[in-house]
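J.: Below is a structure I'd like to ask you about.
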Amino acid sequence: MKINLSDGNFLTDNSSECQTGAFFVKSAPNARFEADALARGAVVISPKKAAQMLGVSRVKLVGITGTNGKTTVAAAVAWTLNSLGVKCGLSGTRGAWLGSEKIAPKGLTTSQILETLSYLKLAAERGFEAFVMEVSSHAIALGRIEGLEFAVKVFTNLTQDHLDFHKTLDEYARVKSSFFDDDSVKLINLDDGGGLCFCEKNAHFYGLQKEDSKAFGEACGEVKSGDKNKEKVAEFYATEADFSEAIKAKICGENFESKMQGEFNLYNVLAAFGATNLLLAQLAKSGKCEESKERKESCETPCENERETEKACETQNANEKAKEPLNIAQYERETLCENERETEKACETSKKSEAQNQTTKSENKSKFECGETECETQNEVQICVATSKNKNESCAKNYETQNAKNETDKEAKNQNNATQNSTQNSTQNYANSTKTDYTKNKKMDTITHKNILEALAKFEGVEGRVEVVSREPLVVVDFAHTPDGIEKVLSAFKGRDVVAVFGAGGDRDRTKRPKMGEVAERLAKFVVVTSDNPRSENPHAIIEEILAGMRKKPFVEADRRKAIELALSLAKEGEVVAILGKGDEDYQEICGVKHHFCDKEVVKQILEQGHKI
C-alpha cells in the first residue's frame, strides 16, 4: 500500500514499490523485505516515524480488544461521540468509516498498520478528533498495531477462541495482556478477568458490581506494576438491571433503557460508557492546551508581522483589556488550568518550559529536526539527509516532511472550517448529527453522565449482532462463534424458548466445537446443527465434532438454508429462532470459494411464503 506525500515521495509497506526517495515502513509482518527496500533506494522507517510524518497524533485513538463484544463496543463509542458532536471514525470487522462514509470494505478485524495510518491521515485532514478501532489478538501478535499511540484501551472479556493460532488459552491471554502492559489509560471489565494481566497505572474498571470482584483477582495471576489483592472499584457500573424485555438499569445512578437484548449487551454499554467518559476527559485537556496555544499565537503572530516588540504587544493587550468590560468567555479560557486543578504557576512553568525547549532545539547545531522529534541517531540523520538532499539546504531548517505536515495541518483546518455548516446537517450511521469543531461549540468537560447515556440509549446495536430480522416470529442473527458467545446470546432470552441454528468454521480451533454443542443443548429448546464456513474441511466431519459434546442427538442438516427452514418450522408462537455464527456475513466459504449466502436474506425469503415480517 502507498500513502503519497506532498513532496512527491511516498510511504509504502511493499518493498517492490520502493524507489529512491520512498519510505519503506518496516513492521513485524514485512521486516524480512527490509534489504530489498534498501537495495531499491528507499529509506527504512518505523510505523511510529510514519505516524509522525503523517501528522495523525491529534486524532485520539481508542482500541477495543477482547474475545467478544469488540464490534458492538467500538460502534457504540463511535455512535455516542458523534451524537455528542465529537467527530469520530471507526474501523473493524465491518470495514472503516468516517461519519457516514465507508472508506474501506470488510476485511481483517484490524488492518495492516499502513492501512490504519491511511485511515487516521484522512481523519486528521477532515478534522476528526477521535477514531475507534477493534484490536484483534492476531493484530497484537503480528505487529499490526506497532507504533500506534492509544488514548484509551478497552478490555471486554477473554474466553476460548483462536486456539488454532495461539495454541493454548494461556498464550492467548498473554497476547491480550501485552496490549495493556504500559502506562496508557485503560478500561478493564472488572467482572471478567479471564487471566488478563495488566499494568495497573491509569487502569479504570467497569462492571455490574461496584466493588472488587474476587473472581477477577483469582483469575489474574499477575497485575503488573500493582497489587493484585488491592481493592478495585468499578467507576462505571450498573444496578437494578432488568432484562425481561430489553435492557433497563441504573448506570452510575442514572436511569438507562436500551432496545438491545441481554446482560452481555449491558456490559457492552458499560464499556462504551466508560470509554467515552475517559476519552472526553482527554479531549477536554487537549482542547485546553490547543486553546492556550492559540491564545499565545494570536498575540505573537501580529507582533512578528508588525515587527513589534514583546513589550509593545503586551501593552496593546493591556490597553484593550482595560477598555472592555469583563468577558465571561475570556475569563473561562484564562481559568482553564484551574478547572484541571492546576495552579497558574504550573501553567506558566509549562509554557516557559515549552519555550525553553524550542530555544534549545534552535541553538543545538549538532542535532537535526525530523518532523516533531530530533535526530539523535545516525539512522535518523540519514532519513533527514535523504529527505532534503535535493534541496542542498540544512536538514535542521528544511526537513521536507515537517513542511508537508504543516501544509497538511493548514489544509485540514481550512477544509474543516469550509465544511462546518454542511457537516452539521449530515445523517450518519453512528450518530443522529455531527458538529464540526466541537471543542469551540461546547466544552468537553461540561458533558454529563446523563448526556452520554441519552446518546447511548439511542444506539440499537450493529448489523449481525443479535439483529432482529423478524418480529413474528422473533428471529435474530448473530456472529456468535464461540462457546461463550453462544451462551451469551441464548441467555439473553431468559423466559422464552429458543430454537438455535449454528455450525462451526472450518480450519479453525477444533477444540471449541464440542463445547459449542454442549452450551447450545443446555440453553436451547431445539438445536439444529448445520454448516458454517467449512472452508477446506468436510462439513459433516465438523458437525460430528460438535455432536461429540452433546448428550442427545439434535436435528442435523448440513445444508444451511434447509437448516434455517427447519428451525423456523420448529418454532412455536412466542419462541425465538437464533441463527448463529455468521451474523452479517454475506457468503459461505466452501473449498476456498466464497458463495453468496446471507442468513438474513434466507430468513426473509422463507417467511415471505406466509409469515409477516
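Quick note on naming: the chains in the C-alpha cells go A, B, ... in the order shown, residues restart at 1 in each chain, and ligands are numbered from 1 in order of appearance.
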I'd like the contact shell of Asn277 of chain A - 9 Å cut-off, only C-alpha atoms, skipping same-chain residues fewer than 4 positions apart - returned as a list in words.
T.: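 The filter keeps Ala272, Phe273, Ala281, Gln282, Ile447, Thr448, His449 and Ile452 of chain A.
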J.: Please identify all polymer residues within 9 Å of Ile251 of chain A, counting only C-alpha atoms, omitting same-chain residues fewer than 3 positions from it, and present them as a list in words.
T.: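 Once the nearby chain positions are removed, what remains is Phe236, Tyr237, Ala238, Thr239, Glu240, Glu254, Asn255, Phe256, Leu270, His449 and Leu453 of chain A.
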J.: Which residues come within 9 Å of Arg508 of chain A, counting only C-alpha atoms, excluding same-chain residues fewer than 3 positions away, as number ranges by chain?
T.: A: 161-165, 504-505
J.: Select from segment 438-545 of chain A every residue with an atom at most 7 Å from any atom of segment 70-79 of chain A, then for each give the shortest pair of atoms and their distance in Å to one decimal, using only C-alpha atoms, rows by chain and rising number, as a tab-separated table.
T.:
```
residue	atom	partner	partner_atom	distance
A:Leu456	CA	A:Ala76	CA	7.0
A:Phe459	CA	A:Ala76	CA	6.6
A:Gly461	CA	A:Thr72	CA	6.3
A:Val462	CA	A:Thr72	CA	6.2
```
J.: Could you dump the residues just selected with N, CA and C atoms as an mmCIF file, in the first residue's frame?
T.:
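Contents of again-v4.cif, as written:
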```
data_model
loop_
_atom_site.group_PDB
_atom_site.id
_atom_site.type_symbol
_atom_site.label_atom_id
_atom_site.label_comp_id
_atom_site.auth_asym_id
_atom_site.auth_seq_id
_atom_site.Cartn_x
_atom_site.Cartn_y
_atom_site.Cartn_z
ATOM 1 N N LEU A 456 -26.268 6.989 24.232
ATOM 2 C CA LEU A 456 -26.138 5.533 24.178
ATOM 3 C C LEU A 456 -27.494 4.839 24.083
ATOM 4 N N PHE A 459 -28.590 4.058 20.654
ATOM 5 C CA PHE A 459 -27.789 3.085 19.902
ATOM 6 C C PHE A 459 -28.485 1.728 19.965
ATOM 7 N N GLY A 461 -27.483 -1.167 18.483
ATOM 8 C CA GLY A 461 -26.639 -2.297 18.129
ATOM 9 C C GLY A 461 -26.128 -2.185 16.706
ATOM 10 N N VAL A 462 -25.429 -3.224 16.261
ATOM 11 C CA VAL A 462 -24.858 -3.206 14.919
ATOM 12 C C VAL A 462 -25.386 -4.380 14.112
#
```
J.: If you run DSSP on the backbone, which residues of segment 36-105 of chain A are strand (DSSP E), as a ChimeraX atom specification?
T.: /A:43-45,60-65,88-92,95-98,101-104
J.: If you keep C-alpha atoms, can you produce a file of those selected residues as a JSON list (two decimals), in the first residue's frame?
T.:
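Writing the result to out_37.json gives the following:
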```json
[["chain", "number", "residue", "atom", "x", "y", "z"],
["A", 43, "VAL", "CA", 14.69, 4.87, 3.43],
["A", 44, "VAL", "CA", 13.50, 2.44, 6.11],
["A", 45, "ILE", "CA", 11.39, 3.94, 8.88],
["A", 60, "LYS", "CA", -7.28, 10.40, 19.67],
["A", 61, "LEU", "CA", -7.26, 6.64, 19.20],
["A", 62, "VAL", "CA", -9.44, 4.18, 21.15],
["A", 63, "GLY", "CA", -8.61, 0.46, 20.93],
["A", 64, "ILE", "CA", -11.13, -2.25, 21.85],
["A", 65, "THR", "CA", -9.96, -5.82, 22.43],
["A", 88, "CYS", "CA", -15.22, 10.07, 15.35],
["A", 89, "GLY", "CA", -14.16, 7.41, 12.84],
["A", 90, "LEU", "CA", -14.35, 3.64, 13.16],
["A", 91, "SER", "CA", -12.66, 0.51, 11.83],
["A", 92, "GLY", "CA", -13.17, -3.19, 12.49],
["A", 95, "GLY", "CA", -14.85, -2.07, 7.43],
["A", 96, "ALA", "CA", -13.75, 1.50, 8.11],
["A", 97, "TRP", "CA", -15.91, 4.61, 8.36],
["A", 98, "LEU", "CA", -15.55, 8.36, 8.68],
["A", 101, "GLU", "CA", -18.82, 7.49, 4.55],
["A", 102, "LYS", "CA", -17.43, 3.99, 4.28],
["A", 103, "ILE", "CA", -13.76, 4.38, 3.38],
["A", 104, "ALA", "CA", -12.78, 0.69, 3.39]]
```
J.: Identify, on the basis of only C-alpha atoms, every residue whose closest approach to Gly464 of chain A does not exceed 10 Å; exclude the query and any residue fewer than 4 positions from it along the same chain; express the result as a list in words.
T.: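 Everything that qualifies: Thr72, Arg94, Val468, Val469, Val476, Val477, Asp478, Phe479, Ala480, Leu580, Gly581, Lys582, Gly583, Asp584, Glu585, Asp599 and Lys600 of chain A.
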J.: Just give me the gap between atom CA of Gln261 of chain A and atom CA of Thr67 of chain A in Å, one decimal is fine.
T.: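 The value is 18.9 Å.
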J.: Pick out the closest residue to Ala500 of chain A from this set: A:Cys252, A:Val577, A:Leu570, A:Leu547. Count only C-alpha atoms.
T.: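 Going through A:Cys252, A:Val577, A:Leu570, A:Leu547 one by one, the smallest distance to Ala500 of chain A is for A:Val577.
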J.: Which residues are close to segment 553-564 of chain A, i.e. within 8 Å by only C-alpha atoms, leaving aside same-chain residues fewer than 4 positions away? Reply as a ChimeraX atom specification.
T.: /A:501,526-532,539-540,543,547,568,579,602-603
J.: Could those residues be written to a file, using N, CA, C and O atoms, as a PDB file, in the first residue's frame?
T.:
```pdb
ATOM      1  N   VAL A 501     -29.780 -22.395  15.699  1.00  0.00           N
ATOM      2  CA  VAL A 501     -29.175 -22.932  14.480  1.00  0.00           C
ATOM      3  C   VAL A 501     -27.719 -22.480  14.470  1.00  0.00           C
ATOM      4  O   VAL A 501     -27.437 -21.285  14.578  1.00  0.00           O
ATOM      5  N   PHE A 526     -34.674 -26.489  21.121  1.00  0.00           N
ATOM      6  CA  PHE A 526     -34.283 -27.330  19.999  1.00  0.00           C
ATOM      7  C   PHE A 526     -32.981 -26.803  19.425  1.00  0.00           C
ATOM      8  O   PHE A 526     -32.734 -25.588  19.422  1.00  0.00           O
ATOM      9  N   VAL A 527     -32.144 -27.720  18.915  1.00  0.00           N
ATOM     10  CA  VAL A 527     -30.886 -27.334  18.285  1.00  0.00           C
ATOM     11  C   VAL A 527     -30.825 -27.943  16.890  1.00  0.00           C
ATOM     12  O   VAL A 527     -31.086 -29.149  16.722  1.00  0.00           O
ATOM     13  N   VAL A 528     -30.502 -27.107  15.917  1.00  0.00           N
ATOM     14  CA  VAL A 528     -30.280 -27.588  14.555  1.00  0.00           C
ATOM     15  C   VAL A 528     -28.809 -27.329  14.233  1.00  0.00           C
ATOM     16  O   VAL A 528     -28.378 -26.175  14.127  1.00  0.00           O
ATOM     17  N   VAL A 529     -28.030 -28.397  14.120  1.00  0.00           N
ATOM     18  CA  VAL A 529     -26.603 -28.257  13.815  1.00  0.00           C
ATOM     19  C   VAL A 529     -26.435 -28.303  12.301  1.00  0.00           C
ATOM     20  O   VAL A 529     -26.954 -29.205  11.627  1.00  0.00           O
ATOM     21  N   THR A 530     -25.705 -27.324  11.787  1.00  0.00           N
ATOM     22  CA  THR A 530     -25.566 -27.200  10.341  1.00  0.00           C
ATOM     23  C   THR A 530     -24.134 -26.823   9.982  1.00  0.00           C
ATOM     24  O   THR A 530     -23.217 -26.921  10.809  1.00  0.00           O
ATOM     25  N   SER A 531     -23.944 -26.340   8.770  1.00  0.00           N
ATOM     26  CA  SER A 531     -22.628 -25.929   8.299  1.00  0.00           C
ATOM     27  C   SER A 531     -22.472 -24.423   8.437  1.00  0.00           C
ATOM     28  O   SER A 531     -23.442 -23.668   8.324  1.00  0.00           O
ATOM     29  N   ASP A 532     -21.253 -23.967   8.693  1.00  0.00           N
ATOM     30  CA  ASP A 532     -20.940 -22.538   8.779  1.00  0.00           C
ATOM     31  C   ASP A 532     -20.110 -22.180   7.553  1.00  0.00           C
ATOM     32  O   ASP A 532     -20.613 -22.173   6.441  1.00  0.00           O
ATOM     33  N   PRO A 539     -17.778 -30.567   5.838  1.00  0.00           N
ATOM     34  CA  PRO A 539     -18.772 -30.052   6.787  1.00  0.00           C
ATOM     35  C   PRO A 539     -19.359 -31.129   7.693  1.00  0.00           C
ATOM     36  O   PRO A 539     -19.688 -30.870   8.852  1.00  0.00           O
ATOM     37  N   HIS A 540     -19.499 -32.363   7.194  1.00  0.00           N
ATOM     38  CA  HIS A 540     -20.045 -33.442   8.010  1.00  0.00           C
ATOM     39  C   HIS A 540     -19.087 -33.823   9.136  1.00  0.00           C
ATOM     40  O   HIS A 540     -19.516 -34.173  10.244  1.00  0.00           O
ATOM     41  N   ILE A 543     -19.502 -31.238  11.840  1.00  0.00           N
ATOM     42  CA  ILE A 543     -20.750 -31.484  12.576  1.00  0.00           C
ATOM     43  C   ILE A 543     -20.560 -32.613  13.593  1.00  0.00           C
ATOM     44  O   ILE A 543     -21.026 -32.521  14.738  1.00  0.00           O
ATOM     45  N   LEU A 547     -21.294 -32.633  17.648  1.00  0.00           N
ATOM     46  CA  LEU A 547     -22.184 -33.607  18.293  1.00  0.00           C
ATOM     47  C   LEU A 547     -21.495 -34.339  19.439  1.00  0.00           C
ATOM     48  O   LEU A 547     -22.168 -34.825  20.364  1.00  0.00           O
ATOM     49  N   LEU A 568     -37.261 -22.649  11.572  1.00  0.00           N
ATOM     50  CA  LEU A 568     -38.462 -21.810  11.529  1.00  0.00           C
ATOM     51  C   LEU A 568     -39.729 -22.666  11.663  1.00  0.00           C
ATOM     52  O   LEU A 568     -40.716 -22.237  12.266  1.00  0.00           O
ATOM     53  N   ILE A 579     -30.158 -17.667  14.876  1.00  0.00           N
ATOM     54  CA  ILE A 579     -29.290 -18.214  13.827  1.00  0.00           C
ATOM     55  C   ILE A 579     -27.894 -17.645  14.065  1.00  0.00           C
ATOM     56  O   ILE A 579     -27.662 -16.434  13.935  1.00  0.00           O
ATOM     57  N   VAL A 602     -32.049 -15.210   3.572  1.00  0.00           N
ATOM     58  CA  VAL A 602     -32.694 -16.522   3.548  1.00  0.00           C
ATOM     59  C   VAL A 602     -33.924 -16.525   4.441  1.00  0.00           C
ATOM     60  O   VAL A 602     -34.997 -17.027   4.059  1.00  0.00           O
ATOM     61  N   VAL A 603     -33.823 -15.946   5.639  1.00  0.00           N
ATOM     62  CA  VAL A 603     -34.962 -15.886   6.557  1.00  0.00           C
ATOM     63  C   VAL A 603     -36.128 -15.141   5.915  1.00  0.00           C
ATOM     64  O   VAL A 603     -37.284 -15.584   5.945  1.00  0.00           O
TER      65      VAL A 603
END
```
J.: Which one of A:Thr116, A:Leu84, A:Ala139, A:Val175 sits closest to Met444 of chain A if you count only C-alpha atoms?
T.: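 Of A:Thr116, A:Leu84, A:Ala139, A:Val175, the one nearest Met444 of chain A is A:Leu84, counting only C-alpha atoms.
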J.: Would you mind telling me which residue in A:Ser177, A:Thr109, A:Thr276, A:Ser137 lies nearest to Val152 of chain A when using only C-alpha atoms?
T.: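 Of all the options, A:Thr276 lies closest to Val152 of chain A.
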J.: For Leu120 of chain A, list every protein, DNA or RNA residue within 8 Å, evaluated using only C-alpha atoms, and leave out those in the same chain fewer than 4 positions away; present the list as a list in words.
T.: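 Near neighbours after the sequence-gap exclusion: Val56, Val59, Thr116, Ala124 and Phe131 of chain A.
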J.: Residues at most 12 Å from Arg513 of chain A, counting only C-alpha atoms, excluding those fewer than 5 positions away in the same chain, as a PyMOL selection string?
T.: chain A and resi 160-161+163+481-484+486+502-508+518-520+529+532+541-550
